[in-house]
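Chemist: Structure file start.txt (compact mmCIF, C-alpha atoms) right here:
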```txt
# COMPACT_ATOMS: atom_id res chain seq x y z
CA MET S 18 1.14 11.02 -41.14
CA THR S 19 4.06 8.67 -41.41
CA GLU S 20 4.35 5.55 -39.35
CA ALA S 21 7.47 6.85 -37.59
CA SER S 22 5.80 10.06 -36.44
CA THR S 23 2.80 8.12 -35.12
CA ILE S 24 5.00 5.89 -33.01
CA SER S 25 6.99 8.86 -31.77
CA SER S 26 3.98 10.84 -30.57
CA GLU S 27 2.48 7.81 -28.82
CA ALA S 28 5.73 7.07 -27.07
CA GLU S 29 5.83 10.64 -25.77
CA ASP S 30 2.28 10.28 -24.50
CA TYR S 31 3.05 7.25 -22.41
CA LEU S 32 6.71 7.71 -21.46
CA PRO S 33 7.61 11.16 -20.12
CA VAL S 34 11.30 10.25 -20.09
CA ALA S 35 12.63 8.76 -23.29
CA GLN S 36 14.48 5.47 -23.33
CA PRO S 37 16.51 5.80 -26.53
CA THR S 38 18.09 2.36 -26.64
CA GLY S 39 15.15 0.53 -25.13
CA MET S 40 17.17 -0.67 -22.16
CA SER S 41 15.58 -0.01 -18.79
CA ILE S 42 17.35 2.35 -16.41
CA ALA S 43 15.41 0.98 -13.43
CA GLU S 44 17.61 0.07 -10.48
CA PRO S 45 16.71 -2.14 -7.50
CA ARG S 46 15.67 0.95 -5.53
CA ASP S 47 13.09 1.73 -8.23
CA TYR S 48 11.59 -1.74 -7.80
CA PHE S 49 11.60 -1.13 -4.06
CA ALA S 50 9.77 2.18 -4.60
CA LEU S 51 7.27 0.27 -6.73
CA MET S 52 6.32 -1.74 -3.64
CA LYS S 53 5.16 1.39 -1.76
CA PRO S 54 7.53 1.00 1.21
CA ARG S 55 5.59 3.41 3.45
CA VAL S 56 2.36 1.44 3.02
CA MET S 57 4.34 -1.79 3.37
CA SER S 58 5.76 -0.67 6.74
CA LEU S 59 2.23 -0.16 8.07
CA VAL S 60 1.18 -3.54 6.67
CA VAL S 61 4.18 -5.27 8.23
CA PHE S 62 3.46 -3.70 11.58
CA THR S 63 -0.27 -4.50 11.66
CA ALA S 64 0.34 -8.04 10.38
CA TRP S 65 2.94 -8.55 13.09
CA ALA S 66 0.51 -7.22 15.68
CA GLY S 67 -2.17 -9.65 14.44
CA LEU S 68 0.33 -12.47 14.67
CA VAL S 69 1.34 -11.78 18.26
CA CYS S 70 -2.25 -11.08 19.41
CA ALA S 71 -3.45 -14.47 18.26
CA PRO S 72 -3.91 -17.21 20.81
CA GLY S 73 -1.47 -20.07 20.40
CA VAL S 74 2.22 -20.29 19.63
CA ILE S 75 4.17 -20.78 16.42
CA PRO S 76 7.90 -21.26 15.76
CA ILE S 77 9.75 -17.96 15.46
CA TRP S 78 10.87 -18.79 11.91
CA LYS S 79 7.28 -19.32 10.84
CA ALA S 80 6.36 -15.96 12.33
CA ILE S 81 9.19 -14.17 10.50
CA ALA S 82 8.45 -16.02 7.25
CA SER S 83 4.75 -15.15 7.46
CA ILE S 84 5.51 -11.46 7.99
CA ILE S 85 7.90 -11.44 5.02
CA CYS S 86 5.25 -13.10 2.83
CA ILE S 87 2.54 -10.64 3.86
CA ALA S 88 4.94 -7.73 3.26
CA ALA S 89 5.87 -9.11 -0.16
CA GLY S 90 2.20 -9.59 -1.05
CA ALA S 91 1.43 -6.01 -0.02
CA GLY S 92 4.41 -4.77 -2.04
CA ALA S 93 3.30 -6.77 -5.07
CA SER S 94 -0.18 -5.28 -4.95
CA GLY S 95 1.46 -1.85 -4.72
CA ALA S 96 3.42 -2.62 -7.89
CA LEU S 97 0.27 -3.81 -9.68
CA ASN S 98 -1.52 -0.65 -8.56
CA MET S 99 1.28 1.50 -10.00
CA TRP S 100 1.13 -0.45 -13.24
CA TYR S 101 -2.58 0.22 -13.66
CA ASP S 102 -2.53 3.81 -12.40
CA ALA S 103 0.56 4.99 -14.32
CA ASP S 104 -1.57 7.33 -16.45
CA ILE S 105 -3.01 9.28 -13.51
CA ASP S 106 0.14 9.02 -11.36
CA ALA S 107 1.99 11.10 -13.97
CA GLN S 108 -0.44 13.99 -13.44
CA MET S 109 -0.59 14.06 -9.64
CA SER S 110 1.98 16.02 -7.64
CA ARG S 111 2.06 13.32 -4.96
CA THR S 112 2.73 10.46 -7.38
CA LYS S 113 4.48 11.91 -10.43
CA LYS S 114 7.91 10.85 -9.17
CA ARG S 115 7.02 7.16 -9.12
CA PRO S 116 9.22 4.92 -11.32
CA ILE S 117 6.77 4.44 -14.21
CA PRO S 118 5.72 8.09 -14.70
CA GLN S 119 9.39 9.04 -14.55
CA GLY S 120 10.10 6.64 -17.40
CA LYS S 121 12.61 4.60 -15.44
CA MET S 122 10.55 1.46 -15.87
CA SER S 123 8.05 0.25 -18.41
CA PRO S 124 4.51 -0.59 -17.23
CA THR S 125 5.07 -4.17 -18.46
CA ALA S 126 8.11 -4.55 -16.21
CA ALA S 127 6.05 -3.39 -13.21
CA LEU S 128 3.23 -5.78 -14.14
CA THR S 129 5.59 -8.74 -14.48
CA PHE S 130 7.30 -7.88 -11.20
CA GLY S 131 3.93 -7.55 -9.44
CA ILE S 132 2.59 -10.88 -10.73
CA MET S 133 5.78 -12.78 -9.86
CA ILE S 134 6.02 -11.40 -6.32
CA SER S 135 2.27 -11.97 -5.79
CA ALA S 136 2.51 -15.62 -6.80
CA ALA S 137 5.69 -16.20 -4.76
CA SER S 138 4.29 -14.54 -1.62
CA VAL S 139 1.02 -16.51 -1.67
CA TRP S 140 2.77 -19.79 -2.39
CA MET S 141 5.34 -19.18 0.36
CA LEU S 142 2.70 -18.21 2.92
CA SER S 143 0.93 -21.48 2.29
CA ILE S 144 4.17 -23.26 3.18
CA ALA S 145 5.15 -21.00 6.07
CA ALA S 146 1.70 -20.77 7.68
CA ASN S 147 -1.43 -22.35 6.22
CA TRP S 148 -3.71 -22.27 3.18
CA LEU S 149 -6.32 -20.06 4.81
CA ALA S 150 -3.78 -17.30 5.47
CA ALA S 151 -2.41 -17.71 1.93
CA SER S 152 -5.93 -17.56 0.47
CA LEU S 153 -6.64 -14.37 2.41
CA LEU S 154 -3.41 -12.86 1.08
CA ALA S 155 -4.36 -13.81 -2.49
CA PHE S 156 -7.82 -12.32 -1.97
CA THR S 157 -6.26 -9.12 -0.59
CA ILE S 158 -4.07 -8.70 -3.68
CA PHE S 159 -7.08 -9.40 -5.93
CA PHE S 160 -9.25 -6.98 -3.95
CA TYR S 161 -6.67 -4.18 -4.06
CA LEU S 162 -5.96 -4.52 -7.76
CA VAL S 163 -9.31 -5.46 -9.26
CA VAL S 164 -11.97 -4.24 -6.82
CA TYR S 165 -10.25 -1.06 -5.61
CA THR S 166 -7.78 0.05 -8.29
CA MET S 167 -9.56 -1.06 -11.45
CA TRP S 168 -13.16 -0.66 -10.39
CA LEU S 169 -13.96 1.52 -7.36
CA LYS S 170 -11.16 4.09 -7.44
CA ARG S 171 -12.31 5.80 -10.62
CA THR S 172 -16.05 5.28 -10.25
CA THR S 173 -17.30 6.08 -6.74
CA PRO S 174 -16.47 8.41 -3.83
CA GLN S 175 -16.89 5.34 -1.62
CA ASN S 176 -13.69 4.01 -3.25
CA ILE S 177 -11.49 4.11 -0.18
CA VAL S 178 -14.30 3.06 2.17
CA ILE S 179 -14.81 -0.29 0.42
CA GLY S 180 -11.28 -0.49 -0.99
CA GLY S 181 -9.96 0.07 2.52
CA ALA S 182 -10.72 -3.60 3.17
CA ALA S 183 -7.54 -4.46 1.27
CA GLY S 184 -5.45 -2.56 3.81
CA ALA S 185 -7.44 -4.02 6.69
CA PHE S 186 -6.73 -7.67 5.89
CA PRO S 187 -3.03 -7.88 6.92
CA PRO S 188 -3.61 -8.01 10.72
CA MET S 189 -6.28 -10.64 10.06
CA ILE S 190 -3.85 -12.64 7.91
CA GLY S 191 -1.24 -12.43 10.66
CA TYR S 192 -3.80 -13.72 13.16
CA VAL S 193 -4.96 -16.52 10.86
CA ALA S 194 -1.34 -17.51 10.18
CA VAL S 195 -1.21 -18.61 13.84
CA THR S 196 -4.71 -19.95 14.43
CA GLY S 197 -5.61 -21.34 11.00
CA SER S 198 -9.19 -20.09 11.39
CA ILE S 199 -11.13 -16.83 11.27
CA SER S 200 -12.39 -15.82 14.70
CA LEU S 201 -14.22 -12.79 16.11
CA ASP S 202 -10.97 -11.23 17.34
CA SER S 203 -9.41 -11.44 13.86
CA VAL S 204 -12.50 -9.69 12.46
CA ILE S 205 -12.12 -6.95 15.10
CA LEU S 206 -8.52 -6.37 13.99
CA PHE S 207 -9.85 -6.05 10.44
CA LEU S 208 -12.58 -3.62 11.51
CA ILE S 209 -10.19 -1.31 13.37
CA THR S 210 -8.16 -0.67 10.19
CA PHE S 211 -11.29 -0.67 8.04
CA MET S 212 -12.95 2.12 10.07
CA TRP S 213 -9.67 4.01 10.36
CA THR S 214 -9.19 4.20 6.59
CA PRO S 215 -11.91 6.74 5.60
CA PRO S 216 -10.92 9.50 8.06
CA HIS S 217 -7.24 8.85 7.27
CA PHE S 218 -7.62 9.16 3.49
CA TRP S 219 -10.27 11.87 3.47
CA ALA S 220 -8.10 14.05 5.71
CA LEU S 221 -5.42 13.76 3.01
CA ALA S 222 -7.94 14.23 0.21
CA LEU S 223 -9.23 17.46 1.81
CA TYR S 224 -5.93 19.21 1.19
CA LYS S 225 -5.07 17.33 -2.00
CA THR S 226 -8.46 17.93 -3.63
CA GLY S 227 -6.94 19.52 -6.72
CA ASP S 228 -4.63 16.58 -7.30
CA TYR S 229 -7.47 14.05 -7.37
CA GLY S 230 -9.84 16.38 -9.23
CA ARG S 231 -7.28 17.01 -11.98
CA VAL S 232 -7.18 13.31 -12.88
CA GLY S 233 -10.90 12.67 -12.38
CA ILE S 234 -10.69 10.51 -9.27
CA PRO S 235 -14.03 10.92 -7.43
CA MET S 236 -12.73 11.40 -3.90
CA MET S 237 -15.36 12.38 -1.35
CA PRO S 238 -14.34 16.10 -1.16
CA ASN S 239 -14.62 16.42 -4.96
CA VAL S 240 -18.02 14.75 -5.13
CA ALA S 241 -19.87 15.47 -1.87
CA GLY S 242 -17.95 18.64 -1.05
CA ALA S 243 -15.55 19.54 1.75
CA LYS S 244 -18.28 20.24 4.34
CA SER S 245 -19.91 16.82 3.96
CA THR S 246 -16.50 15.10 3.98
CA ARG S 247 -15.51 16.81 7.21
CA LEU S 248 -18.73 15.64 8.87
CA GLN S 249 -18.23 12.08 7.59
CA ILE S 250 -14.69 12.09 8.98
CA PHE S 251 -16.10 12.90 12.42
CA VAL S 252 -18.80 10.20 12.12
CA TYR S 253 -16.21 7.57 11.16
CA ALA S 254 -14.04 8.69 14.10
CA LEU S 255 -17.00 7.96 16.41
CA ILE S 256 -17.52 4.52 14.87
CA LEU S 257 -13.79 3.84 15.14
CA PHE S 258 -13.92 4.73 18.84
CA ALA S 259 -16.74 2.21 19.35
CA VAL S 260 -14.94 -0.53 17.39
CA CYS S 261 -11.77 0.02 19.43
CA LEU S 262 -13.72 -0.69 22.62
CA VAL S 263 -14.89 -4.12 21.44
CA PRO S 264 -11.55 -5.88 22.24
CA LEU S 265 -12.19 -5.03 25.90
CA PHE S 266 -15.28 -7.24 25.84
CA THR S 267 -13.83 -10.13 23.83
CA GLY S 268 -10.66 -10.37 25.89
CA LEU S 269 -8.36 -9.34 23.02
CA GLY S 270 -7.40 -6.16 24.88
CA GLY S 271 -6.57 -5.85 28.57
CA ALA S 272 -6.24 -2.97 31.04
CA PHE S 273 -3.21 -1.47 29.30
CA TYR S 274 -5.10 -1.49 26.01
CA ALA S 275 -8.18 0.08 27.64
CA VAL S 276 -6.22 3.13 28.82
CA ALA S 277 -4.28 3.51 25.56
CA ALA S 278 -7.28 2.97 23.28
CA ILE S 279 -9.44 5.49 25.12
CA GLY S 280 -6.64 8.08 25.15
CA LEU S 281 -5.75 7.57 21.49
CA ASN S 282 -9.38 7.67 20.39
CA VAL S 283 -10.13 10.80 22.38
CA GLY S 284 -7.20 12.39 20.52
CA PHE S 285 -8.51 11.10 17.19
CA LEU S 286 -11.98 12.36 17.96
CA ALA S 287 -10.70 15.79 19.03
CA LEU S 288 -8.68 16.22 15.83
CA SER S 289 -11.62 15.00 13.74
CA TYR S 290 -13.85 17.52 15.49
CA LYS S 291 -11.34 20.26 14.62
CA VAL S 292 -11.44 19.15 11.01
CA TRP S 293 -15.25 19.15 11.05
CA LYS S 294 -15.30 22.71 12.38
CA SER S 295 -12.48 23.93 10.10
CA ARG S 296 -12.65 25.16 6.53
CA ALA S 297 -10.28 22.45 5.29
CA GLY S 298 -10.69 21.69 1.61
CA GLU S 299 -12.53 24.89 0.75
CA ARG S 300 -9.78 26.76 -1.06
CA GLU S 301 -10.21 27.77 -4.67
CA GLU S 302 -6.67 26.78 -5.60
CA ALA S 303 -5.60 23.39 -4.37
CA SER S 304 -2.11 22.81 -3.06
CA ASP S 305 0.32 21.52 -5.63
CA GLU S 306 3.04 20.54 -3.20
CA ALA S 307 4.63 17.14 -3.65
CA SER S 308 4.96 16.78 0.13
CA LEU S 309 2.19 15.13 2.11
CA TYR S 310 2.59 17.60 4.95
CA GLU S 311 3.03 21.06 3.39
CA VAL S 312 -0.35 22.73 3.43
CA GLN S 313 -1.96 26.14 3.40
CA LYS S 314 -3.28 27.61 6.63
CA GLY S 315 -6.94 26.56 6.29
CA ASP S 316 -5.98 22.94 5.76
CA ARG S 317 -3.83 22.46 8.82
CA ALA S 318 -6.54 20.66 10.79
CA ALA S 319 -6.81 18.06 8.02
CA ARG S 320 -3.03 17.73 7.76
CA ASN S 321 -2.78 17.27 11.55
CA LEU S 322 -5.42 14.55 11.52
CA PHE S 323 -3.69 12.78 8.62
CA ALA S 324 -0.34 12.79 10.45
CA TYR S 325 -1.93 11.75 13.77
CA SER S 326 -3.89 8.93 12.13
CA ILE S 327 -0.66 7.23 11.07
CA ILE S 328 0.78 7.41 14.59
CA TYR S 329 -2.62 6.34 15.95
CA LEU S 330 -2.73 3.10 13.96
CA PHE S 331 0.85 2.20 14.92
CA ALA S 332 0.01 2.91 18.57
CA ILE S 333 -3.28 0.95 18.71
CA PHE S 334 -1.72 -2.14 17.13
CA GLY S 335 1.48 -1.57 19.13
CA VAL S 336 -0.45 -1.78 22.40
CA LEU S 337 -2.36 -4.88 21.26
CA ALA S 338 0.94 -6.45 20.22
CA ALA S 339 2.58 -5.54 23.54
CA GLU S 340 -0.20 -7.30 25.43
CA GLY S 341 0.06 -10.26 23.07
CA LEU S 342 3.82 -10.45 23.66
CA MET S 343 3.28 -10.48 27.39
CA LYS S 344 1.13 -13.57 26.93
CA GLY S 345 3.82 -15.12 24.71
CA PHE S 346 3.34 -16.12 21.11
CA VAL S 347 6.39 -18.02 19.93
CA SER S 348 7.72 -21.36 20.95
CA MET V 12 31.66 -22.16 -43.61
CA LYS V 13 29.89 -18.89 -44.09
CA GLU V 14 27.01 -18.02 -41.78
CA TYR V 15 23.96 -16.28 -43.15
CA ARG V 16 22.64 -13.81 -40.63
CA ASP V 17 20.96 -10.46 -40.67
CA LYS V 18 23.31 -7.71 -39.71
CA PRO V 19 22.13 -5.83 -36.61
CA THR V 20 21.40 -2.53 -38.32
CA ARG V 21 19.37 -0.92 -35.54
CA PHE V 22 21.67 -1.79 -32.67
CA VAL V 23 22.36 1.08 -30.29
CA GLU V 24 25.15 0.91 -27.73
CA PRO V 25 23.73 1.21 -24.22
CA ASN V 26 24.88 4.32 -22.41
CA ALA V 27 26.74 4.42 -19.11
CA ALA V 28 23.59 4.99 -17.02
CA GLU V 29 21.87 1.98 -18.58
CA LEU V 30 24.88 -0.27 -18.06
CA LYS V 31 25.18 0.84 -14.45
CA ALA V 32 21.47 0.18 -13.89
CA ARG V 33 21.78 -3.26 -15.51
CA GLY V 34 24.72 -4.13 -13.28
CA ARG V 35 22.83 -3.11 -10.16
CA ARG V 36 19.75 -5.02 -11.31
CA ASN V 37 21.83 -8.16 -11.82
CA ILE V 38 23.26 -7.87 -8.30
CA GLY V 39 19.75 -7.17 -6.96
CA ILE V 40 18.31 -10.23 -8.70
CA ALA V 41 21.16 -12.43 -7.46
CA VAL V 42 20.73 -11.25 -3.86
CA ALA V 43 16.93 -11.60 -4.04
CA LEU V 44 17.16 -15.12 -5.48
CA ALA V 45 19.68 -16.17 -2.82
CA ALA V 46 17.44 -14.74 -0.09
CA PHE V 47 14.42 -16.49 -1.62
CA MET V 48 16.20 -19.84 -1.70
CA ILE V 49 17.23 -19.48 1.95
CA PHE V 50 13.66 -18.43 2.76
CA VAL V 51 12.18 -21.48 1.02
CA PHE V 52 14.66 -23.76 2.73
CA VAL V 53 14.04 -22.33 6.19
CA THR V 54 10.24 -22.39 5.91
CA MET V 55 10.26 -25.95 4.57
CA VAL V 56 12.52 -27.08 7.41
CA THR V 57 10.48 -25.30 10.10
CA ARG V 58 7.26 -26.68 8.67
CA GLY V 59 8.72 -30.14 8.83
CA SER V 60 9.80 -29.72 12.42
CA ALA V 61 6.63 -27.99 13.67
```
Take the structure in this file and express it as structure tokens.

Modeler:
Amino acid sequence: MTEASTISSEAEDYLPVAQPTGMSIAEPRDYFALMKPRVMSLVVFTAWAGLVCAPGVIPIWKAIASIICIAAGAGASGALNMWYDADIDAQMSRTKKRPIPQGKMSPTAALTFGIMISAASVWMLSIAANWLAASLLAFTIFFYLVVYTMWLKRTTPQNIVIGGAAGAFPPMIGYVAVTGSISLDSVILFLITFMWTPPHFWALALYKTGDYGRVGIPMMPNVAGAKSTRLQIFVYALILFAVCLVPLFTGLGGAFYAVAAIGLNVGFLALSYKVWKSRAGEREEASDEASLYEVQKGDRAARNLFAYSIIYLFAIFGVLAAEGLMKGFVS
Amino acid sequence: MKEYRDKPTRFVEPNAAELKARGRRNIGIAVALAAFMIFVFVTMVTRGSA
């Protein structure tokens, strides 16, 4: 085999779309897509909620700067995740249109972008807020990239249970940005998102089983089976309900929160129960739709829970934030 | 005086899509850097006044 043909075949393996002149065709919107804007919006919202829930006041500019830093840190970890997972992203219907699998951007460009934004966001948060918040942000990026993406994701069905910690830190960081210390209430904010993550992701995994199975990612439905996953979703929904009641005893949540949290959790529990009693995830042929919401009939319960879980998290943190705002948080 | 340089034998003219992408990237980088400088300035000032 000649040297030229070796290079050519390798290039085709790693870059589905050829870049004949070697110049990148990535535009700013591709870099934005690299930062997982949908995940980032949830991170921004929960971080903001943590910030306004915290006791004490900070200047409005510090609050805005902290949120931007946390959002940038979350986006950077998204970019680093896409850099590492480019091989499997290319084979999954949900992720094959990301910038790297499409060949718009080289993995090295994504890695460089991720490292630069990570460093800038941590450094800026230390200036805007404090070193503890900045350290937590750095740890979150490390946890998401190394612990979740590189280690857990491809090795254990508990990947998103433990890895979910990375997504649970932002409200805690927002809280710590104001107080400068880790308190029980900040841990509760962490636990709400932490316990919410398994039912949220497993509901998605139930009707995207084929996608994950095709690339060898050991999601719970692929390893323990759909029936066990559906039961675990219900169990986590019960734990989540209990965790959401804790703010009522610590003073983090008031009367408004009590009504909203109970209502939202009853809804979450009811949908989880429907998933448990459904046949979601038991089809022979898995859905190959690129959309997160197009599913076959048997999977509707799982799809409904997945969609509701997103609204649920916004609502729970929205209510906590509303009560925090009523107390006042900026000077 | 004659310069001794290698001729660029493997040079390929960038196509229109690549040039357009480069232009947009340059604008994006400029805007992001400007925003970052303002951001640094504002956070430093607020930290000083807090």

Chemist: Using all atoms listed in the file, I'd like a table of the residues in segment 89-170 of chain S that come within 12 Å of segment 61-72 of chain S; for each, show the closest atom pair and its distance in Å rounded to one decimal, ordered by chain and ascending number, as a Markdown table.

Modeler:
```
| residue | atom | partner | partner_atom | distance |
| --- | --- | --- | --- | --- |
| S:Ala89 | CA | S:Val61 | CA | 9.4 |
| S:Gly90 | CA | S:Val61 | CA | 10.4 |
| S:Ala91 | CA | S:Val61 | CA | 8.7 |
| S:Gly92 | CA | S:Val61 | CA | 10.3 |
| S:Ala146 | CA | S:Leu68 | CA | 10.9 |
| S:Ala150 | CA | S:Leu68 | CA | 11.2 |
| S:Leu154 | CA | S:Ala64 | CA | 11.1 |
```

Chemist: Which chain S residues are at most 9 Å from chain V (counting all atoms listed in the file), as a short mmCIF file (atom, residue, chain, number, x, y, z; two decimals) with C-alpha atoms, in the coordinates of the input?

Modeler:
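This is the output file selection_5.cif:
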```
data_model
loop_
_atom_site.label_atom_id
_atom_site.label_comp_id
_atom_site.auth_asym_id
_atom_site.auth_seq_id
_atom_site.Cartn_x
_atom_site.Cartn_y
_atom_site.Cartn_z
CA PRO S 37 16.51 5.80 -26.53
CA THR S 38 18.09 2.36 -26.64
CA GLY S 39 15.15 0.53 -25.13
CA MET S 40 17.17 -0.67 -22.16
CA SER S 41 15.58 -0.01 -18.79
CA ILE S 42 17.35 2.35 -16.41
CA ALA S 43 15.41 0.98 -13.43
CA GLU S 44 17.61 0.07 -10.48
CA PRO S 45 16.71 -2.14 -7.50
CA ILE S 75 4.17 -20.78 16.42
CA PRO S 76 7.90 -21.26 15.76
CA TRP S 78 10.87 -18.79 11.91
CA LYS S 79 7.28 -19.32 10.84
CA ALA S 82 8.45 -16.02 7.25
CA MET S 141 5.34 -19.18 0.36
CA ILE S 144 4.17 -23.26 3.18
CA ALA S 145 5.15 -21.00 6.07
CA ALA S 146 1.70 -20.77 7.68
#
```

Chemist: If you measure from atom CA of Pro238 of chain S to atom CA of Ala185 of chain S, what distance in Å do you get, rounded to one decimal?

Modeler: 22.7 Å

Chemist: At what distance in Å, to one decimal, does atom CA of Gly271 of chain S lie from atom CA of Ile190 of chain S?

Modeler: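 Atom CA of Gly271 of chain S lies at a distance of 21.9 Å from atom CA of Ile190 of chain S.
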
Chemist: Using atom CA of Ala80 of chain S and atom CA of Ala182 of chain S as the two end points, give the distance in Å to one decimal.

Modeler: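 Distance between the two atoms: 23.0 Å.
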
Chemist: Quick one: residues within 10 Å of Gly230 of chain S, only C-alpha atoms counted, chain neighbours fewer than 5 positions away excluded, as a list in words?

Modeler: Met109, Ala222, Lys225, Pro235, Met236, Pro238, Asn239, Val240 and Ala303 of chain S
